[in-house]
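Worksheet: the structure to be examined is printed underneath.
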Amino acid sequence: MSSSKAIKSICVINGGGRLGRNILQSLVNIRENKSQLNISSNSSKSSQVDPSFKIFTFVTPDRKDTFNSEGFVKQLDGVTVERTDGLGRKELRDRFAKYDVLINATDFEKSYNEEEYESNVIEACFDGNVKRYIPADFTVDFNNFQNGECEKMEIRKRIRSLLEKNQSKMSFTSILNGVFLERLFDPFYKWKILNLEEQLVEYYGKDNSDKVPMIDFSLYPEVGQLCALTSTLLFDQTSNKTIPYVSQSYDMNELAEMLTNDLGHGKWKVKKIGTLKDLEKKIAERKSHRIQKMDENVDEEFAWDYLYAIFSEKGRLSQATSTEYQSIKDVVERFSSVISPLKGKEEMTPSVTSSGLERKDLFHKMVGDQQVDKETLTKMCSSAGCGYVQVATDSTSKIRPTGAPIKEGP
């Protein structure tokens, strides 16, 4: 479903999250530099977006203070923050009625109420006549899994089914991006692949096979740009489509080699810590405990689901070589090439295909960003003798030196 009316308002749920922040930043960049981007050769498509479209974000009370304290947010001009606590479906419908596009950047990996919450959001979008919805997919290709094989993938399939059955009411764009590379360094997630203490790349392999699995990776800034572009300049081209987006794919040996070369903290090794059958047993055990209310640690049970989805390689993004996909990836790269000079050389985000110091900066930034204690990175580098020095940046010089402070909604 596309609309002849211009897109005038876009809302990001969980704009304070790691993906949400990048979506908001990209939306602001598009709004402020739309004339320079000139992405679509079809003027009717380009005019789908009001040049001064409004940007909103929903954050929960516990995220609001954190969100407003982020240095980059102070530079985002014209982003309205609203709250979602205590809102039922009717209240959500009334709020959503003023949005043309809703992007759900909620991180469900630590929660088991994913299906109930997102289904309620989608139904409220139907009731509020939202034109476009981007679901909180952002994972491997869940369509490749059989029923009963992986609970988390089944949830995503049911969410997709709800959207497909109601395309006449609201269009959607699903973005599948494999694994966020930044999350490998996150100390809070229990689906570990990197053992930072022992410098090991750990994996579960196929039974009776020493072949290491391959993983599709992406970066938050790139996926954030893609979300913003499909909501605006690529609105018509991405209606009711699934977009696979991969920055780079690595097997476990390549990942270890990359970390050895680009993190500079010594040699990383690869270790097989179990088989897919071991993961299946863990999934069944955790599911049984949760049903019997023996274990409240449900996020760990879902961690095994994610590891199974990743290491089985069934969720690989096989569509990534299609012509349509490549054209969209080209647009994202063109977007980056236009925006990066505007942000300044020191603020450019290196990709996983960058080389030299850019890659070193990228991997050190990933480690530093995921640590609670910001001195952890300095201590790690000092003990490893890698010689990396983190360059101090003035947060007031980022992106918009004259940007207005963030505005709070009612």
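Every chain in the structure tokens takes a letter, A first, then B, and so on in the order presented; its residues are numbered from 1, and the ligands are numbered from 1 following the presented order.
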Can you write out as JSON lines which residues of region 103-131 of chain A fall within 9 Å of region 15-22 of chain A, alongside each residue's closest atom pair and its distance in Å to one decimal, counting only C-alpha atoms and ordering rows by chain and ascending residue number?
```
{"residue": "A:Ile103", "atom": "CA", "partner": "A:Gly20", "partner_atom": "CA", "distance": 8.8}
{"residue": "A:Asn104", "atom": "CA", "partner": "A:Gly20", "partner_atom": "CA", "distance": 8.4}
{"residue": "A:Ala105", "atom": "CA", "partner": "A:Gly20", "partner_atom": "CA", "distance": 5.5}
{"residue": "A:Thr106", "atom": "CA", "partner": "A:Gly17", "partner_atom": "CA", "distance": 7.6}
{"residue": "A:Asp107", "atom": "CA", "partner": "A:Gly17", "partner_atom": "CA", "distance": 7.8}
```
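For Leu194 (chain A), the set of protein, DNA and RNA residues having any atom at most 8 Å away, when counting only C-alpha atoms and skipping those fewer than 5 positions along the same chain, is Leu184, Phe185, Gln199, Leu200, Val201 and Glu202 of chain A.
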Take the residues from that selection and write them out as an mmCIF file, in the first residue's frame, keeping N, CA, C and O atoms.
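To be explicit, this is the file written out as result-v3.cif:
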```cif
data_model
loop_
_atom_site.group_PDB
_atom_site.id
_atom_site.type_symbol
_atom_site.label_atom_id
_atom_site.label_comp_id
_atom_site.auth_asym_id
_atom_site.auth_seq_id
_atom_site.Cartn_x
_atom_site.Cartn_y
_atom_site.Cartn_z
ATOM 1 N N LEU A 184 28.535 -8.491 19.345
ATOM 2 C CA LEU A 184 29.502 -9.502 19.751
ATOM 3 C C LEU A 184 30.273 -9.079 20.992
ATOM 4 O O LEU A 184 30.765 -9.907 21.748
ATOM 5 N N PHE A 185 30.373 -7.765 21.204
ATOM 6 C CA PHE A 185 31.160 -7.238 22.318
ATOM 7 C C PHE A 185 30.301 -6.840 23.511
ATOM 8 O O PHE A 185 30.798 -6.274 24.478
ATOM 9 N N GLN A 199 40.044 -14.464 24.689
ATOM 10 C CA GLN A 199 40.238 -14.162 23.271
ATOM 11 C C GLN A 199 39.952 -15.377 22.394
ATOM 12 O O GLN A 199 40.772 -15.831 21.606
ATOM 13 N N LEU A 200 38.723 -15.867 22.568
ATOM 14 C CA LEU A 200 38.265 -17.031 21.811
ATOM 15 C C LEU A 200 37.006 -16.691 21.017
ATOM 16 O O LEU A 200 36.122 -15.989 21.516
ATOM 17 N N VAL A 201 36.951 -17.165 19.795
ATOM 18 C CA VAL A 201 35.713 -17.142 19.017
ATOM 19 C C VAL A 201 35.082 -18.515 19.205
ATOM 20 O O VAL A 201 35.600 -19.524 18.734
ATOM 21 N N GLU A 202 33.960 -18.556 19.931
ATOM 22 C CA GLU A 202 33.352 -19.829 20.309
ATOM 23 C C GLU A 202 32.104 -20.093 19.463
ATOM 24 O O GLU A 202 31.347 -19.163 19.156
#
```
If you run DSSP over the backbone, which residues in region 209-268 of chain A end up helix (DSSP H, G or I)? Put them as an NGL selection string. :A and (220-231 or 252-263)
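Near region 150-153 of chain A, within a cut-off of 8 Å and counting only C-alpha atoms, sit the residues Phe142, Asn143, Phe145, Gln146, Asn147, Arg156, Lys157, Phe302, Asp305, Tyr306, Tyr308 and Ala309 of chain A, with same-chain residues fewer than 3 positions away left out.
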File of the preceding selection, N, CA, C and O atoms, as a PDB file, in the first residue's frame:
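The resulting file, selection.pdb, is reproduced below:
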```pdb
ATOM      1  N   PHE A 142      14.123 -15.614   9.200  1.00  0.00           N
ATOM      2  CA  PHE A 142      13.297 -16.528   9.991  1.00  0.00           C
ATOM      3  C   PHE A 142      12.384 -17.391   9.134  1.00  0.00           C
ATOM      4  O   PHE A 142      11.885 -18.423   9.588  1.00  0.00           O
ATOM      5  N   ASN A 143      12.168 -16.993   7.893  1.00  0.00           N
ATOM      6  CA  ASN A 143      11.290 -17.771   7.015  1.00  0.00           C
ATOM      7  C   ASN A 143      11.886 -19.131   6.655  1.00  0.00           C
ATOM      8  O   ASN A 143      11.174 -20.018   6.165  1.00  0.00           O
ATOM      9  N   PHE A 145      13.023 -21.370   8.665  1.00  0.00           N
ATOM     10  CA  PHE A 145      12.910 -22.356   9.743  1.00  0.00           C
ATOM     11  C   PHE A 145      11.543 -23.045   9.712  1.00  0.00           C
ATOM     12  O   PHE A 145      10.518 -22.415   9.455  1.00  0.00           O
ATOM     13  N   GLN A 146      11.560 -24.334  10.009  1.00  0.00           N
ATOM     14  CA  GLN A 146      10.334 -25.115  10.051  1.00  0.00           C
ATOM     15  C   GLN A 146       9.564 -24.819  11.340  1.00  0.00           C
ATOM     16  O   GLN A 146      10.144 -24.391  12.340  1.00  0.00           O
ATOM     17  N   ASN A 147       8.267 -25.043  11.316  1.00  0.00           N
ATOM     18  CA  ASN A 147       7.458 -24.879  12.509  1.00  0.00           C
ATOM     19  C   ASN A 147       7.938 -25.819  13.606  1.00  0.00           C
ATOM     20  O   ASN A 147       8.170 -27.004  13.368  1.00  0.00           O
ATOM     21  N   ARG A 156       8.589 -14.372  14.891  1.00  0.00           N
ATOM     22  CA  ARG A 156       8.760 -13.422  13.798  1.00  0.00           C
ATOM     23  C   ARG A 156       7.896 -13.812  12.587  1.00  0.00           C
ATOM     24  O   ARG A 156       7.349 -12.942  11.889  1.00  0.00           O
ATOM     25  N   LYS A 157       7.740 -15.099  12.347  1.00  0.00           N
ATOM     26  CA  LYS A 157       6.912 -15.559  11.231  1.00  0.00           C
ATOM     27  C   LYS A 157       5.450 -15.197  11.455  1.00  0.00           C
ATOM     28  O   LYS A 157       4.749 -14.799  10.518  1.00  0.00           O
ATOM     29  N   PHE A 302      16.007 -17.880  25.291  1.00  0.00           N
ATOM     30  CA  PHE A 302      15.962 -17.310  23.959  1.00  0.00           C
ATOM     31  C   PHE A 302      17.365 -17.116  23.386  1.00  0.00           C
ATOM     32  O   PHE A 302      17.540 -17.070  22.180  1.00  0.00           O
ATOM     33  N   ASP A 305      18.067 -20.022  21.427  1.00  0.00           N
ATOM     34  CA  ASP A 305      17.357 -19.962  20.155  1.00  0.00           C
ATOM     35  C   ASP A 305      18.155 -19.175  19.121  1.00  0.00           C
ATOM     36  O   ASP A 305      18.269 -19.576  17.956  1.00  0.00           O
ATOM     37  N   TYR A 306      18.675 -18.029  19.556  1.00  0.00           N
ATOM     38  CA  TYR A 306      19.450 -17.196  18.640  1.00  0.00           C
ATOM     39  C   TYR A 306      20.715 -17.904  18.187  1.00  0.00           C
ATOM     40  O   TYR A 306      21.081 -17.860  17.004  1.00  0.00           O
ATOM     41  N   TYR A 308      21.193 -21.069  17.965  1.00  0.00           N
ATOM     42  CA  TYR A 308      20.812 -22.131  17.032  1.00  0.00           C
ATOM     43  C   TYR A 308      20.521 -21.526  15.651  1.00  0.00           C
ATOM     44  O   TYR A 308      20.953 -22.065  14.621  1.00  0.00           O
ATOM     45  N   ALA A 309      19.781 -20.422  15.634  1.00  0.00           N
ATOM     46  CA  ALA A 309      19.444 -19.785  14.361  1.00  0.00           C
ATOM     47  C   ALA A 309      20.702 -19.338  13.616  1.00  0.00           C
ATOM     48  O   ALA A 309      20.781 -19.425  12.385  1.00  0.00           O
TER      49      ALA A 309
END
```
I want to know what sits within 6 Å of region 89-99 of chain A, based on only C-alpha atoms, with residues of the same chain fewer than 4 positions away left out; could you give that as an NGL selection string? :A and (9-10 or 124 or 127-128)
Here CA of Leu24 (chain A) and CA of Gln237 (chain A) stand apart by 21.0 Å
Please, what distance in Å, to one decimal, runs between CA of Asp278 (chain A) and CA of Glu114 (chain A)? 25.3 Å
So that I can see what lies close to Tyr204 (chain A), please list as number ranges by chain the residues with an atom at most 7 Å from it, counting only C-alpha atoms and leaving out residues fewer than 3 positions away in the same chain. A: 272-276, 311
Between CA of Met170 (chain A) and CA of Leu229 (chain A), distance in Å (one decimal): 18.0 Å
Could you pull the residues within 12 Å of region 250-254 of chain A, counting only C-alpha atoms, minus those fewer than 3 positions along the same chain, as a PyMOL selection string? chain A and resi 178-179+181+193-194+200-205+210-218+246-247+257-262+267-272+310-311+313+316+352-353
Selection from above, N, CA and C atoms, as a short mmCIF file (atom, residue, chain, number, x, y, z; two decimals), in the first residue's frame, can you write it?
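The file below, out_27.cif, is the result:
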```cif
data_model
loop_
_atom_site.label_atom_id
_atom_site.label_comp_id
_atom_site.auth_asym_id
_atom_site.auth_seq_id
_atom_site.Cartn_x
_atom_site.Cartn_y
_atom_site.Cartn_z
N GLY A 178 20.92 -10.16 9.55
CA GLY A 178 21.83 -11.10 10.18
C GLY A 178 22.11 -10.72 11.62
N VAL A 179 23.39 -10.59 11.96
CA VAL A 179 23.82 -10.27 13.32
C VAL A 179 24.50 -8.90 13.34
N LEU A 181 27.21 -6.65 14.27
CA LEU A 181 28.59 -6.94 14.66
C LEU A 181 28.91 -6.35 16.05
N ILE A 193 29.38 -15.20 21.51
CA ILE A 193 30.20 -15.78 20.46
C ILE A 193 31.66 -15.46 20.75
N LEU A 194 31.90 -14.25 21.26
CA LEU A 194 33.26 -13.85 21.60
C LEU A 194 33.50 -14.02 23.10
N LEU A 200 38.72 -15.87 22.57
CA LEU A 200 38.26 -17.03 21.81
C LEU A 200 37.01 -16.69 21.02
N VAL A 201 36.95 -17.16 19.79
CA VAL A 201 35.71 -17.14 19.02
C VAL A 201 35.08 -18.51 19.21
N GLU A 202 33.96 -18.56 19.93
CA GLU A 202 33.35 -19.83 20.31
C GLU A 202 32.10 -20.09 19.46
N TYR A 203 31.90 -21.36 19.13
CA TYR A 203 30.74 -21.68 18.30
C TYR A 203 30.25 -23.09 18.56
N TYR A 204 29.00 -23.32 18.15
CA TYR A 204 28.41 -24.65 18.14
C TYR A 204 28.37 -25.11 16.69
N GLY A 205 28.92 -26.30 16.44
CA GLY A 205 29.01 -26.78 15.07
C GLY A 205 28.08 -27.93 14.77
N ASP A 210 33.86 -30.67 11.39
CA ASP A 210 34.76 -29.62 11.88
C ASP A 210 34.62 -28.34 11.07
N LYS A 211 33.70 -28.33 10.12
CA LYS A 211 33.50 -27.13 9.31
C LYS A 211 32.90 -26.02 10.17
N VAL A 212 33.53 -24.85 10.11
CA VAL A 212 33.06 -23.72 10.93
C VAL A 212 31.93 -23.00 10.21
N PRO A 213 30.94 -22.51 10.95
CA PRO A 213 29.80 -21.82 10.32
C PRO A 213 30.17 -20.42 9.83
N MET A 214 29.36 -19.93 8.91
CA MET A 214 29.49 -18.58 8.35
C MET A 214 28.36 -17.73 8.91
N ILE A 215 28.67 -16.46 9.25
CA ILE A 215 27.67 -15.56 9.81
C ILE A 215 27.59 -14.30 8.98
N ASP A 216 26.37 -13.82 8.73
CA ASP A 216 26.14 -12.55 8.04
C ASP A 216 26.12 -11.43 9.08
N PHE A 217 26.92 -10.39 8.86
CA PHE A 217 27.01 -9.28 9.81
C PHE A 217 26.56 -7.97 9.19
N SER A 218 26.11 -7.06 10.05
CA SER A 218 25.79 -5.70 9.65
C SER A 218 26.15 -4.78 10.81
N VAL A 246 23.42 -7.09 4.22
CA VAL A 246 24.61 -7.65 4.84
C VAL A 246 25.80 -6.75 4.57
N SER A 247 26.51 -6.36 5.63
CA SER A 247 27.73 -5.59 5.44
C SER A 247 28.86 -6.50 4.98
N GLU A 257 40.69 -14.08 12.74
CA GLU A 257 41.81 -13.41 12.07
C GLU A 257 41.60 -11.90 12.04
N MET A 258 40.37 -11.48 11.79
CA MET A 258 40.07 -10.05 11.74
C MET A 258 40.29 -9.41 13.11
N LEU A 259 39.85 -10.08 14.17
CA LEU A 259 40.04 -9.55 15.51
C LEU A 259 41.52 -9.49 15.88
N THR A 260 42.26 -10.49 15.48
CA THR A 260 43.70 -10.50 15.74
C THR A 260 44.38 -9.31 15.07
N ASN A 261 44.02 -9.06 13.82
CA ASN A 261 44.67 -8.01 13.06
C ASN A 261 44.19 -6.61 13.43
N ASP A 262 42.89 -6.47 13.70
CA ASP A 262 42.32 -5.14 13.82
C ASP A 262 42.05 -4.67 15.24
N LYS A 267 46.59 -12.73 19.65
CA LYS A 267 46.00 -13.68 18.72
C LYS A 267 44.71 -14.27 19.26
N TRP A 268 43.68 -14.27 18.44
CA TRP A 268 42.41 -14.89 18.76
C TRP A 268 42.37 -16.30 18.19
N LYS A 269 41.76 -17.21 18.93
CA LYS A 269 41.65 -18.59 18.50
C LYS A 269 40.18 -18.98 18.37
N VAL A 270 39.94 -20.06 17.65
CA VAL A 270 38.59 -20.55 17.42
C VAL A 270 38.40 -21.83 18.22
N LYS A 271 37.24 -21.92 18.91
CA LYS A 271 36.98 -23.10 19.74
C LYS A 271 35.54 -23.58 19.55
N LYS A 272 35.38 -24.85 19.22
CA LYS A 272 34.06 -25.46 19.13
C LYS A 272 33.66 -25.92 20.54
N ILE A 310 21.70 -18.88 14.38
CA ILE A 310 22.93 -18.38 13.77
C ILE A 310 23.82 -19.53 13.30
N PHE A 311 24.09 -20.47 14.20
CA PHE A 311 25.09 -21.50 13.90
C PHE A 311 24.57 -22.62 13.00
N GLU A 313 23.06 -21.99 10.38
CA GLU A 313 23.21 -21.33 9.07
C GLU A 313 21.93 -21.38 8.24
N ARG A 316 20.78 -17.84 6.95
CA ARG A 316 21.63 -17.03 6.07
C ARG A 316 20.77 -16.27 5.06
N VAL A 352 33.01 -2.54 7.99
CA VAL A 352 33.82 -3.74 8.22
C VAL A 352 34.74 -4.02 7.06
N THR A 353 34.53 -3.34 5.93
CA THR A 353 35.42 -3.53 4.79
C THR A 353 36.49 -2.45 4.72
#
```
Return the single residue from A:His265, A:Arg83, A:Arg158, A:Lys282 that is closest to Ser119 (chain A), with distances computed using only C-alpha atoms. A:Arg158
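Proximity ranking of A:Leu196, A:Glu149, A:Leu233, A:Thr139 relative to Pro51 (chain A) places A:Leu233 first, based on only C-alpha atoms.
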As a PyMOL selection string, list the residues of region 115-220 of chain A assigned to strand (DSSP E) by DSSP on the backbone atoms of this structure. chain A and resi 132-134+171-176+179-180+194-195+200-205+214-218
Using only N, CA and C atoms, please write the residues we just selected to a file, as a JSON list (two decimals), in the first residue's frame.
```json
[["chain", "number", "residue", "atom", "x", "y", "z"],
["A", 132, "ARG", "N", 2.79, 3.11, 6.88],
["A", 132, "ARG", "CA", 3.90, 2.16, 6.73],
["A", 132, "ARG", "C", 4.42, 1.75, 8.11],
["A", 133, "TYR", "N", 4.73, 0.48, 8.24],
["A", 133, "TYR", "CA", 5.27, -0.06, 9.48],
["A", 133, "TYR", "C", 6.53, -0.86, 9.19],
["A", 134, "ILE", "N", 7.59, -0.60, 9.94],
["A", 134, "ILE", "CA", 8.80, -1.40, 9.87],
["A", 134, "ILE", "C", 8.88, -2.22, 11.15],
["A", 171, "SER", "N", 1.00, -0.82, 4.64],
["A", 171, "SER", "CA", 2.14, -1.49, 4.03],
["A", 171, "SER", "C", 3.23, -1.69, 5.07],
["A", 172, "PHE", "N", 4.18, -2.56, 4.77],
["A", 172, "PHE", "CA", 5.28, -2.82, 5.69],
["A", 172, "PHE", "C", 6.58, -2.99, 4.91],
["A", 173, "THR", "N", 7.68, -2.82, 5.59],
["A", 173, "THR", "CA", 9.01, -3.12, 5.05],
["A", 173, "THR", "C", 9.77, -3.88, 6.12],
["A", 174, "SER", "N", 10.19, -5.09, 5.79],
["A", 174, "SER", "CA", 10.93, -5.92, 6.74],
["A", 174, "SER", "C", 12.41, -5.89, 6.38],
["A", 175, "ILE", "N", 13.25, -5.60, 7.37],
["A", 175, "ILE", "CA", 14.70, -5.55, 7.15],
["A", 175, "ILE", "C", 15.36, -6.70, 7.91],
["A", 176, "LEU", "N", 16.03, -7.55, 7.16],
["A", 176, "LEU", "CA", 16.77, -8.67, 7.75],
["A", 176, "LEU", "C", 18.25, -8.39, 7.57],
["A", 179, "VAL", "N", 23.39, -10.59, 11.96],
["A", 179, "VAL", "CA", 23.82, -10.27, 13.32],
["A", 179, "VAL", "C", 24.50, -8.90, 13.34],
["A", 180, "PHE", "N", 24.11, -8.06, 14.29],
["A", 180, "PHE", "CA", 24.81, -6.78, 14.47],
["A", 180, "PHE", "C", 26.21, -7.08, 15.00],
["A", 194, "LEU", "N", 31.90, -14.25, 21.26],
["A", 194, "LEU", "CA", 33.26, -13.85, 21.60],
["A", 194, "LEU", "C", 33.50, -14.02, 23.10],
["A", 195, "ASN", "N", 34.58, -14.69, 23.44],
["A", 195, "ASN", "CA", 35.05, -14.79, 24.81],
["A", 195, "ASN", "C", 36.19, -13.80, 24.95],
["A", 200, "LEU", "N", 38.72, -15.87, 22.57],
["A", 200, "LEU", "CA", 38.26, -17.03, 21.81],
["A", 200, "LEU", "C", 37.01, -16.69, 21.02],
["A", 201, "VAL", "N", 36.95, -17.16, 19.79],
["A", 201, "VAL", "CA", 35.71, -17.14, 19.02],
["A", 201, "VAL", "C", 35.08, -18.51, 19.21],
["A", 202, "GLU", "N", 33.96, -18.56, 19.93],
["A", 202, "GLU", "CA", 33.35, -19.83, 20.31],
["A", 202, "GLU", "C", 32.10, -20.09, 19.46],
["A", 203, "TYR", "N", 31.90, -21.36, 19.13],
["A", 203, "TYR", "CA", 30.74, -21.68, 18.30],
["A", 203, "TYR", "C", 30.25, -23.09, 18.56],
["A", 204, "TYR", "N", 29.00, -23.32, 18.15],
["A", 204, "TYR", "CA", 28.41, -24.65, 18.14],
["A", 204, "TYR", "C", 28.37, -25.11, 16.69],
["A", 205, "GLY", "N", 28.92, -26.30, 16.44],
["A", 205, "GLY", "CA", 29.01, -26.78, 15.07],
["A", 205, "GLY", "C", 28.08, -27.93, 14.77],
["A", 214, "MET", "N", 29.36, -19.93, 8.91],
["A", 214, "MET", "CA", 29.49, -18.58, 8.35],
["A", 214, "MET", "C", 28.36, -17.73, 8.91],
["A", 215, "ILE", "N", 28.67, -16.46, 9.25],
["A", 215, "ILE", "CA", 27.67, -15.56, 9.81],
["A", 215, "ILE", "C", 27.59, -14.30, 8.98],
["A", 216, "ASP", "N", 26.37, -13.82, 8.73],
["A", 216, "ASP", "CA", 26.14, -12.55, 8.04],
["A", 216, "ASP", "C", 26.12, -11.43, 9.08],
["A", 217, "PHE", "N", 26.92, -10.39, 8.86],
["A", 217, "PHE", "CA", 27.01, -9.28, 9.81],
["A", 217, "PHE", "C", 26.56, -7.97, 9.19],
["A", 218, "SER", "N", 26.11, -7.06, 10.05],
["A", 218, "SER", "CA", 25.79, -5.70, 9.65],
["A", 218, "SER", "C", 26.15, -4.78, 10.81]]
```
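Closest to Leu307 (chain A) among A:Lys277, A:Lys241, A:Lys192, A:His364 is A:Lys192, based on only C-alpha atoms.
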Pick out the closest residue to Ser168 (chain A) from this set: A:Thr80, A:Asn240, A:Asn144, A:Asn113. Count only C-alpha atoms. A:Asn240
